[in-house]
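**Student:** Here it is: the structure, laid out below.
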Amino acid sequence: MERIKNAERELTPFFQEIEEICLKNSKKVMDAFRENHLAESHFSSTTGYGYNDIGRDTIEKIYATIFKCEDALVRSQFISGSHALTVTLFALLRPGDILLSISGTPYDTLHEVIGIKENASSLKTFGVSYEEIDLVADDFAYQKIEEVLKEKKIKVIEIQRSKGYSKRKSISLEKVEKVVALVKKISPSTIVMVDNCYCEFVDEKEPTEVGADVVVGSLIKNLGGGITPNGAYVVGKKELIKLVAERLTVPGEGKEVGPSLGMNKLILQGLYMAPSVVMHALKVAILTAKVLENMGYDVEPRAEEKRCDIVQNIIFHDAEKLIKYVQGIQKGSPIDSHSLALPWDMPGYDDPVIMASGSFTQGSSIEFSCDGPIREPYIAYQQGSVTYEYGKLGLYEAIKNLDLFLKEKQ
């Protein structure tokens, strides 16, 4: 624990900055609850078709208020962030359209959705073309984007803010704002869609506040606060949210159907706790960066750098060290701490993945977890922790497990 205590002493000013952002986002949530007159009656549940679900409708008004946009779709019928992204892409694109990613290759789980990896149900099989432009020095390739927009009619531009299983940095809101302004100047009709997973409440603003047309995220990540057991959100322009709703449910019915099935209170409680939970997750990420860097490992971002998401990379350059660290995180988890995490062939991924996630909700990334593909340079992607204290204890177990492994190798 001494290494952790030493690191904490250096991090006080960075923790204070995160606490200030948490306060501003907490006020944003409270103001949205008040503005939309949230009441106990909104905790009620609907079944079947879900007609006239006042709680569900109020939740969506609250999300639209927080994101400062026209409309929102917040549903437990979304099984994940990847599902919400899939529904959104199929809603916005038509045969003959072009989808352009300007943040490089998207996260692994979208490869078969788009058709980067062959699948009979992909966008590609529906006649949607796909192109991508890589980032340059962790920023958008502005000149290349301008050239493509002038040369071709691009229907949707996709931006993935968080790094996924890549070595690049996550994308700041300042960069999103700059590139959206460029896109809209050249091609005003092009839809800019932002994958905001892992990024909510890390900053004082969200992508819809800097020009994005549609923003997508998961409720088992930041905005679920470790309470919401499933679901996702899509926010943005009203006419686009209508298309997404009609793809999720039924054309002609859209947002009017979809039962809440007792989820309203959990979605609202998760959102209420989200600013604080994100703050704790960020503190744990910064602490991890400082401790592991002091131990001689490469980390990204470094403890002193501005954060765009809750993900912390530890680059081990060694498969065994990666595995031992992740196994240590599992030992520090509240659920299945006795289990041994091992690499396996997860659906939607090209490489074996090792994943530690002793969480109350399966796959919940806002709870303390760590994972990584078994491929060079062997990066652990750590995220979450609903409290700073639990994250610190989990980090201690991971370091202890790594130390034991290194001692045995000597």
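Each chain of the structure tokens is named A, B, ... in the order shown, its residues numbered from 1; ligands are numbered from 1 in display order.
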Using only C-alpha atoms, determine which residues lie at most 7 Å from Leu92 in chain A, disregarding the query and same-chain residues fewer than 3 positions distant; provide the list as a PyMOL selection string.
**Tutor:** chain A and resi 88-89+243
**Student:** Report the closest atom pair, with its distance in Å rounded to one decimal, for each residue of range 93-180 of chain A that has an atom no farther than 9 Å from range 211-224 of chain A; count only C-alpha atoms, sort by chain and then rising residue number, and write it as CSV.
**Tutor:**
residue,atom,partner,partner_atom,distance
A:Val176,CA,A:Ala212,CA,8.1
A:Glu177,CA,A:Gly211,CA,6.5
A:Val180,CA,A:Gly211,CA,6.1
**Student:** Show me a table, sorted first by chain and then by increasing residue number, of the residues of range 42-153 of chain A having an atom at most 10 Å from range 264-283 of chain A, each with its shortest atom pair and the distance in Å to one decimal, counting only C-alpha atoms and written as JSON lines.
**Tutor:**
{"residue": "A:His42", "atom": "CA", "partner": "A:Asn264", "partner_atom": "CA", "distance": 7.1}
{"residue": "A:Phe43", "atom": "CA", "partner": "A:Lys265", "partner_atom": "CA", "distance": 4.9}
{"residue": "A:Ser44", "atom": "CA", "partner": "A:Asn264", "partner_atom": "CA", "distance": 7.1}
{"residue": "A:Ser45", "atom": "CA", "partner": "A:Asn264", "partner_atom": "CA", "distance": 7.1}
{"residue": "A:Thr46", "atom": "CA", "partner": "A:Asn264", "partner_atom": "CA", "distance": 9.6}
{"residue": "A:Asp53", "atom": "CA", "partner": "A:Asn264", "partner_atom": "CA", "distance": 9.6}
{"residue": "A:Ile54", "atom": "CA", "partner": "A:Asn264", "partner_atom": "CA", "distance": 9.7}
{"residue": "A:Gly55", "atom": "CA", "partner": "A:Asn264", "partner_atom": "CA", "distance": 6.1}
{"residue": "A:Arg56", "atom": "CA", "partner": "A:Asn264", "partner_atom": "CA", "distance": 6.3}
{"residue": "A:Asp57", "atom": "CA", "partner": "A:Asn264", "partner_atom": "CA", "distance": 9.7}
{"residue": "A:Thr58", "atom": "CA", "partner": "A:Asn264", "partner_atom": "CA", "distance": 9.4}
{"residue": "A:Ile59", "atom": "CA", "partner": "A:Leu268", "partner_atom": "CA", "distance": 7.1}
{"residue": "A:Ile62", "atom": "CA", "partner": "A:Leu268", "partner_atom": "CA", "distance": 9.3}
{"residue": "A:Tyr63", "atom": "CA", "partner": "A:Leu271", "partner_atom": "CA", "distance": 9.2}
{"residue": "A:Val74", "atom": "CA", "partner": "A:Ile267", "partner_atom": "CA", "distance": 8.9}
{"residue": "A:Arg75", "atom": "CA", "partner": "A:Ile267", "partner_atom": "CA", "distance": 9.2}
{"residue": "A:Ser76", "atom": "CA", "partner": "A:Ile267", "partner_atom": "CA", "distance": 8.9}
**Student:** Suppose we keep N, CA and C atoms; can you now write the selection as a compact mmCIF listing (two decimals), in the first residue's frame?
**Tutor:**
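Generated file (out-v2.txt):
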# COMPACT_ATOMS: atom_id res chain seq x y z
N HIS A 42 -43.35 8.82 -11.50
CA HIS A 42 -42.58 8.43 -12.68
C HIS A 42 -41.81 7.12 -12.49
N PHE A 43 -41.82 6.58 -11.25
CA PHE A 43 -41.18 5.28 -11.00
C PHE A 43 -42.09 4.12 -11.42
N SER A 44 -43.32 4.42 -11.80
CA SER A 44 -44.28 3.37 -12.15
C SER A 44 -43.82 2.59 -13.38
N SER A 45 -44.37 1.40 -13.53
CA SER A 45 -43.93 0.48 -14.58
C SER A 45 -45.04 0.22 -15.59
N THR A 46 -44.65 -0.08 -16.82
CA THR A 46 -45.61 -0.54 -17.83
C THR A 46 -45.14 -1.86 -18.41
N ASP A 53 -46.36 5.61 -21.04
CA ASP A 53 -45.43 5.41 -19.92
C ASP A 53 -44.84 6.77 -19.55
N ILE A 54 -45.42 7.42 -18.56
CA ILE A 54 -45.01 8.79 -18.23
C ILE A 54 -43.59 8.84 -17.65
N GLY A 55 -43.19 7.77 -16.96
CA GLY A 55 -41.83 7.73 -16.41
C GLY A 55 -40.79 7.64 -17.50
N ARG A 56 -41.02 6.74 -18.44
CA ARG A 56 -40.11 6.58 -19.59
C ARG A 56 -39.99 7.88 -20.37
N ASP A 57 -41.13 8.52 -20.63
CA ASP A 57 -41.12 9.76 -21.39
C ASP A 57 -40.41 10.88 -20.64
N THR A 58 -40.56 10.91 -19.32
CA THR A 58 -39.89 11.95 -18.51
C THR A 58 -38.38 11.72 -18.49
N ILE A 59 -37.97 10.47 -18.41
CA ILE A 59 -36.54 10.14 -18.46
C ILE A 59 -35.92 10.68 -19.75
N ILE A 62 -35.50 14.35 -19.58
CA ILE A 62 -34.36 14.67 -18.70
C ILE A 62 -33.04 14.51 -19.46
N TYR A 63 -32.90 13.43 -20.20
CA TYR A 63 -31.68 13.21 -20.99
C TYR A 63 -31.50 14.32 -22.03
N VAL A 74 -34.10 6.61 -24.53
CA VAL A 74 -33.40 5.93 -23.43
C VAL A 74 -34.19 4.67 -23.11
N ARG A 75 -33.67 3.51 -23.50
CA ARG A 75 -34.46 2.29 -23.43
C ARG A 75 -33.68 1.09 -22.90
N SER A 76 -34.38 0.29 -22.11
CA SER A 76 -33.79 -0.97 -21.65
C SER A 76 -33.81 -2.01 -22.77
**Student:** May I ask for the distance between CA of Tyr388 in chain A and CA of Ala303 in chain A, given in Å to one decimal place?
**Tutor:**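 Spanning CA of Tyr388 in chain A to CA of Ala303 in chain A is a straight-line distance of 15.4 Å.
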**Student:** Just list as a PyMOL selection string whatever in range 198-331 of chain A DSSP marks as strand (DSSP E).
**Tutor:** chain A and resi 214-218+232-236+298-300+312-315
**Student:** Using only C-alpha atoms, which of the listed residues (A:Leu406, A:Asp336, A:Glu305, A:Ser357) sits closest to Lys321 in chain A?
**Tutor:** A:Leu406
**Student:** I'd like the neighbourhood of Glu151 in chain A as a ChimeraX atom specification, where a residue qualifies if any of its atoms comes within 12 Å (using only C-alpha atoms), though same-chain residues fewer than 5 positions away should be ignored.
**Tutor:** /A:144-146,186-187
**Student:** Go ahead and write the residues just picked, N, CA and C atoms, as a PDB file, in the first residue's frame.
**Tutor:**
ATOM      1  N   LYS A 144      -7.561  15.711 -45.131  1.00  0.00           N
ATOM      2  CA  LYS A 144      -8.087  14.520 -45.800  1.00  0.00           C
ATOM      3  C   LYS A 144      -9.608  14.472 -45.697  1.00  0.00           C
ATOM      4  N   ILE A 145     -10.144  14.820 -44.533  1.00  0.00           N
ATOM      5  CA  ILE A 145     -11.595  14.848 -44.336  1.00  0.00           C
ATOM      6  C   ILE A 145     -12.232  15.848 -45.294  1.00  0.00           C
ATOM      7  N   GLU A 146     -11.620  17.016 -45.414  1.00  0.00           N
ATOM      8  CA  GLU A 146     -12.133  18.046 -46.315  1.00  0.00           C
ATOM      9  C   GLU A 146     -12.138  17.544 -47.761  1.00  0.00           C
ATOM     10  N   ILE A 186     -18.485  22.339 -44.975  1.00  0.00           N
ATOM     11  CA  ILE A 186     -18.343  21.765 -46.324  1.00  0.00           C
ATOM     12  C   ILE A 186     -19.593  21.009 -46.747  1.00  0.00           C
ATOM     13  N   SER A 187     -20.175  20.244 -45.805  1.00  0.00           N
ATOM     14  CA  SER A 187     -21.318  19.392 -46.140  1.00  0.00           C
ATOM     15  C   SER A 187     -22.359  19.444 -45.021  1.00  0.00           C
TER      16      SER A 187
END
**Student:** Point out the residue among A:Ala356, A:Ile66, A:Leu261, A:Ile154 with the least atom-to-atom distance to Met30 in chain A, counting only C-alpha atoms.
**Tutor:**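 With only C-alpha atoms as the atom set, the closest residue is A:Ile66.
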**Student:** For a test of reading the model, state the distance in Å between CA of Thr109 in chain A and CA of Glu200 in chain A, rounded to one decimal.
**Tutor:**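 Spanning CA of Thr109 in chain A to CA of Glu200 in chain A is a straight-line distance of 20.2 Å.
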**Student:** Would you mind telling me which residue in A:Glu132, A:Gln327, A:Glu253, A:Leu73 lies nearest to Leu404 in chain A when using only C-alpha atoms?
**Tutor:**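 Checking each of A:Glu132, A:Gln327, A:Glu253, A:Leu73 against Leu404 in chain A, counting only C-alpha atoms, the winner is A:Gln327.
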**Student:** Between A:Ser26, A:Gln16, A:Ser369, A:Ser162, which is the closest to Asp309 in chain A once you count only C-alpha atoms?
**Tutor:**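 Once distances to Asp309 in chain A are computed over only C-alpha atoms, the minimum belongs to A:Ser162.
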**Student:** With only C-alpha atoms as the counted atoms, please give the residues lying no more than 9 Å from Ile21 in chain A, apart from itself and same-chain residues fewer than 2 positions off, as a ChimeraX atom specification.
**Tutor:** /A:16-19,23-26,201-204,275,279
**Student:** Go ahead and write the selection's residues with C-alpha atoms as a PDB file, in the first residue's frame.
**Tutor:**
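Writing done, so here's part_17.pdb:
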ATOM      1  CA  GLN A  16      -9.597  18.651  -6.855  1.00  0.00           C
ATOM      2  CA  GLU A  17     -10.117  19.490 -10.522  1.00  0.00           C
ATOM      3  CA  ILE A  18     -12.166  16.320 -11.032  1.00  0.00           C
ATOM      4  CA  GLU A  19     -14.274  17.141  -7.962  1.00  0.00           C
ATOM      5  CA  LEU A  23     -20.128  19.320  -8.859  1.00  0.00           C
ATOM      6  CA  LYS A  24     -21.007  21.029 -12.149  1.00  0.00           C
ATOM      7  CA  ASN A  25     -22.374  17.806 -13.650  1.00  0.00           C
ATOM      8  CA  SER A  26     -24.295  17.031 -10.463  1.00  0.00           C
ATOM      9  CA  PHE A 201     -19.551  13.452 -17.370  1.00  0.00           C
ATOM     10  CA  VAL A 202     -15.765  13.350 -17.711  1.00  0.00           C
ATOM     11  CA  ASP A 203     -15.966  16.944 -18.933  1.00  0.00           C
ATOM     12  CA  GLU A 204     -18.434  19.774 -18.350  1.00  0.00           C
ATOM     13  CA  PRO A 275     -21.476  12.338 -11.796  1.00  0.00           C
ATOM     14  CA  MET A 279     -15.499  11.147 -10.472  1.00  0.00           C
TER      15      MET A 279
END
**Student:** Env of Met1 in chain A: 12 Å cut, atoms = only C-alpha atoms, seq-sep filter 6 positions within chain, self excluded. Answer as a PDB file with C-alpha atoms, in the first residue's frame.
**Tutor:**
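Listing of out_12.pdb after writing:
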ATOM      1  CA  ALA A   7       1.238   8.365  -5.397  1.00  0.00           C
ATOM      2  CA  GLU A   8      -1.823   9.848  -3.685  1.00  0.00           C
ATOM      3  CA  VAL A 291       1.461   4.004  -9.416  1.00  0.00           C
ATOM      4  CA  LYS A 392      -7.804   1.479  -4.626  1.00  0.00           C
ATOM      5  CA  LEU A 393      -8.238  -1.926  -2.982  1.00  0.00           C
ATOM      6  CA  GLY A 394      -8.573  -3.575  -6.393  1.00  0.00           C
ATOM      7  CA  LEU A 395      -5.441  -1.823  -7.647  1.00  0.00           C
ATOM      8  CA  TYR A 396      -3.565  -3.087  -4.591  1.00  0.00           C
ATOM      9  CA  GLU A 397      -4.545  -6.695  -5.416  1.00  0.00           C
ATOM     10  CA  ALA A 398      -3.434  -6.272  -9.028  1.00  0.00           C
ATOM     11  CA  ILE A 399      -0.029  -4.903  -8.028  1.00  0.00           C
ATOM     12  CA  LYS A 400       0.408  -7.643  -5.429  1.00  0.00           C
TER      13      LYS A 400
END
**Student:** What separation in Å, quoted to one decimal, exists between CA of Ile102 in chain A and CA of Met193 in chain A?
**Tutor:**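 Atom-to-atom, CA of Ile102 in chain A and CA of Met193 in chain A are spaced 10.7 Å apart.
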**Student:** Quick one: residues within 9 Å of Lys324 in chain A, only C-alpha atoms, excluding same-chain residues fewer than 3 positions away - as a short mmCIF file (atom, residue, chain, number, x, y, z; two decimals) with C-alpha atoms, in the first residue's frame?
**Tutor:**
data_model
loop_
_atom_site.label_atom_id
_atom_site.label_comp_id
_atom_site.auth_asym_id
_atom_site.auth_seq_id
_atom_site.Cartn_x
_atom_site.Cartn_y
_atom_site.Cartn_z
CA ALA A 319 1.60 -11.18 -22.37
CA GLU A 320 2.27 -12.81 -19.00
CA LYS A 321 2.43 -9.49 -17.14
CA GLN A 327 -6.06 -11.69 -12.78
CA GLY A 328 -5.15 -9.47 -9.82
CA ILE A 329 -8.02 -7.12 -10.65
CA ALA A 398 -3.43 -6.27 -9.03
CA ASN A 401 -0.37 -10.33 -8.00
CA LEU A 402 2.09 -8.77 -10.46
CA PHE A 405 4.64 -13.25 -10.49
#
**Student:** Which is closer to Leu85 in chain A than all the others in A:Val192, A:Asp134, A:Ile227, A:Val244, using only C-alpha atoms?
**Tutor:**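 Ranked by minimum distance to Leu85 in chain A, first place goes to A:Val244.
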**Student:** Can you tell me which residues surround range 170-172 of chain A at a distance of at most 9 Å, considering only C-alpha atoms, apart from same-chain residues fewer than 4 positions away, and format the answer as a short mmCIF file (atom, residue, chain, number, x, y, z; two decimals) with N, CA and C atoms, in the first residue's frame?
**Tutor:**
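The resulting part.cif:
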data_model
loop_
_atom_site.label_atom_id
_atom_site.label_comp_id
_atom_site.auth_asym_id
_atom_site.auth_seq_id
_atom_site.Cartn_x
_atom_site.Cartn_y
_atom_site.Cartn_z
N SER A 103 -12.25 8.52 -37.18
CA SER A 103 -11.40 8.24 -36.01
C SER A 103 -10.73 6.88 -36.14
N ASP A 138 -2.86 11.53 -33.14
CA ASP A 138 -3.97 11.58 -32.19
C ASP A 138 -4.91 12.77 -32.40
N ASP A 139 -4.98 13.23 -33.64
CA ASP A 139 -5.94 14.28 -34.00
C ASP A 139 -6.55 13.92 -35.35
N ILE A 159 -17.73 9.11 -35.27
CA ILE A 159 -16.57 9.43 -34.43
C ILE A 159 -16.64 8.60 -33.16
N GLN A 160 -15.62 7.81 -32.92
CA GLN A 160 -15.53 7.05 -31.67
C GLN A 160 -14.56 7.78 -30.75
N ARG A 161 -15.08 8.36 -29.69
CA ARG A 161 -14.23 9.18 -28.82
C ARG A 161 -13.25 8.33 -28.02
N SER A 162 -13.73 7.27 -27.40
CA SER A 162 -12.84 6.44 -26.59
C SER A 162 -11.96 5.58 -27.47
N LYS A 163 -10.82 5.18 -26.96
CA LYS A 163 -9.80 4.51 -27.77
C LYS A 163 -10.14 3.09 -28.18
N GLY A 164 -11.07 2.42 -27.46
CA GLY A 164 -11.31 1.01 -27.74
C GLY A 164 -10.05 0.20 -27.48
N VAL A 176 -13.49 17.37 -31.21
CA VAL A 176 -14.79 17.06 -31.81
C VAL A 176 -15.44 18.34 -32.33
N GLU A 177 -15.41 19.38 -31.54
CA GLU A 177 -16.02 20.66 -31.93
C GLU A 177 -15.36 21.22 -33.20
N PRO A 301 -3.61 7.51 -20.59
CA PRO A 301 -2.84 8.74 -20.44
C PRO A 301 -2.01 8.73 -19.16
N LYS A 306 -4.94 15.61 -19.24
CA LYS A 306 -6.38 15.83 -19.25
C LYS A 306 -7.07 14.56 -19.73
N ARG A 307 -8.15 14.21 -19.10
CA ARG A 307 -8.89 12.98 -19.41
C ARG A 307 -10.07 13.25 -20.34
N CYS A 308 -10.29 12.32 -21.25
CA CYS A 308 -11.46 12.38 -22.13
C CYS A 308 -12.45 11.26 -21.83
N ASP A 309 -11.97 10.20 -21.15
CA ASP A 309 -12.83 9.08 -20.78
C ASP A 309 -12.31 8.46 -19.50
N VAL A 311 -11.10 5.40 -19.18
CA VAL A 311 -10.23 4.26 -19.48
C VAL A 311 -8.77 4.60 -19.22
#
**Student:** So that I can check the secondary structure, give me every residue of range 120-170 of chain A assigned helix (DSSP H, G or I) by backbone DSSP, as a list in words.
**Tutor:**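 Put together, the selection reads Lys124, Thr125, Phe126, Tyr142, Gln143, Lys144, Ile145, Glu146, Glu147, Val148, Leu149, Lys150 and Glu151 of chain A.
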**Student:** Atoms to include: N, CA and C atoms. Write the selected residues as a short mmCIF file (atom, residue, chain, number, x, y, z; two decimals), in the first residue's frame.
**Tutor:**
data_model
loop_
_atom_site.label_atom_id
_atom_site.label_comp_id
_atom_site.auth_asym_id
_atom_site.auth_seq_id
_atom_site.Cartn_x
_atom_site.Cartn_y
_atom_site.Cartn_z
N LYS A 124 -22.95 -3.58 -45.04
CA LYS A 124 -22.39 -3.82 -46.37
C LYS A 124 -23.34 -4.65 -47.23
N THR A 125 -23.98 -5.66 -46.63
CA THR A 125 -24.89 -6.52 -47.40
C THR A 125 -26.17 -5.78 -47.79
N PHE A 126 -26.44 -4.65 -47.14
CA PHE A 126 -27.59 -3.82 -47.48
C PHE A 126 -27.21 -2.70 -48.45
N TYR A 142 -7.67 16.63 -40.79
CA TYR A 142 -8.61 17.64 -41.27
C TYR A 142 -8.56 17.84 -42.78
N GLN A 143 -7.38 17.88 -43.35
CA GLN A 143 -7.25 18.09 -44.79
C GLN A 143 -7.84 16.92 -45.57
N LYS A 144 -7.56 15.71 -45.13
CA LYS A 144 -8.09 14.52 -45.80
C LYS A 144 -9.61 14.47 -45.70
N ILE A 145 -10.14 14.82 -44.53
CA ILE A 145 -11.59 14.85 -44.34
C ILE A 145 -12.23 15.85 -45.29
N GLU A 146 -11.62 17.02 -45.41
CA GLU A 146 -12.13 18.05 -46.31
C GLU A 146 -12.14 17.54 -47.76
N GLU A 147 -11.07 16.88 -48.17
CA GLU A 147 -10.96 16.35 -49.54
C GLU A 147 -12.06 15.33 -49.83
N VAL A 148 -12.29 14.41 -48.89
CA VAL A 148 -13.30 13.36 -49.08
C VAL A 148 -14.69 13.97 -49.14
N LEU A 149 -14.98 14.93 -48.27
CA LEU A 149 -16.30 15.55 -48.26
C LEU A 149 -16.59 16.33 -49.54
N LYS A 150 -15.56 16.90 -50.15
CA LYS A 150 -15.74 17.63 -51.41
C LYS A 150 -15.87 16.69 -52.59
N GLU A 151 -15.29 15.52 -52.45
CA GLU A 151 -15.27 14.55 -53.56
C GLU A 151 -16.50 13.65 -53.57
#
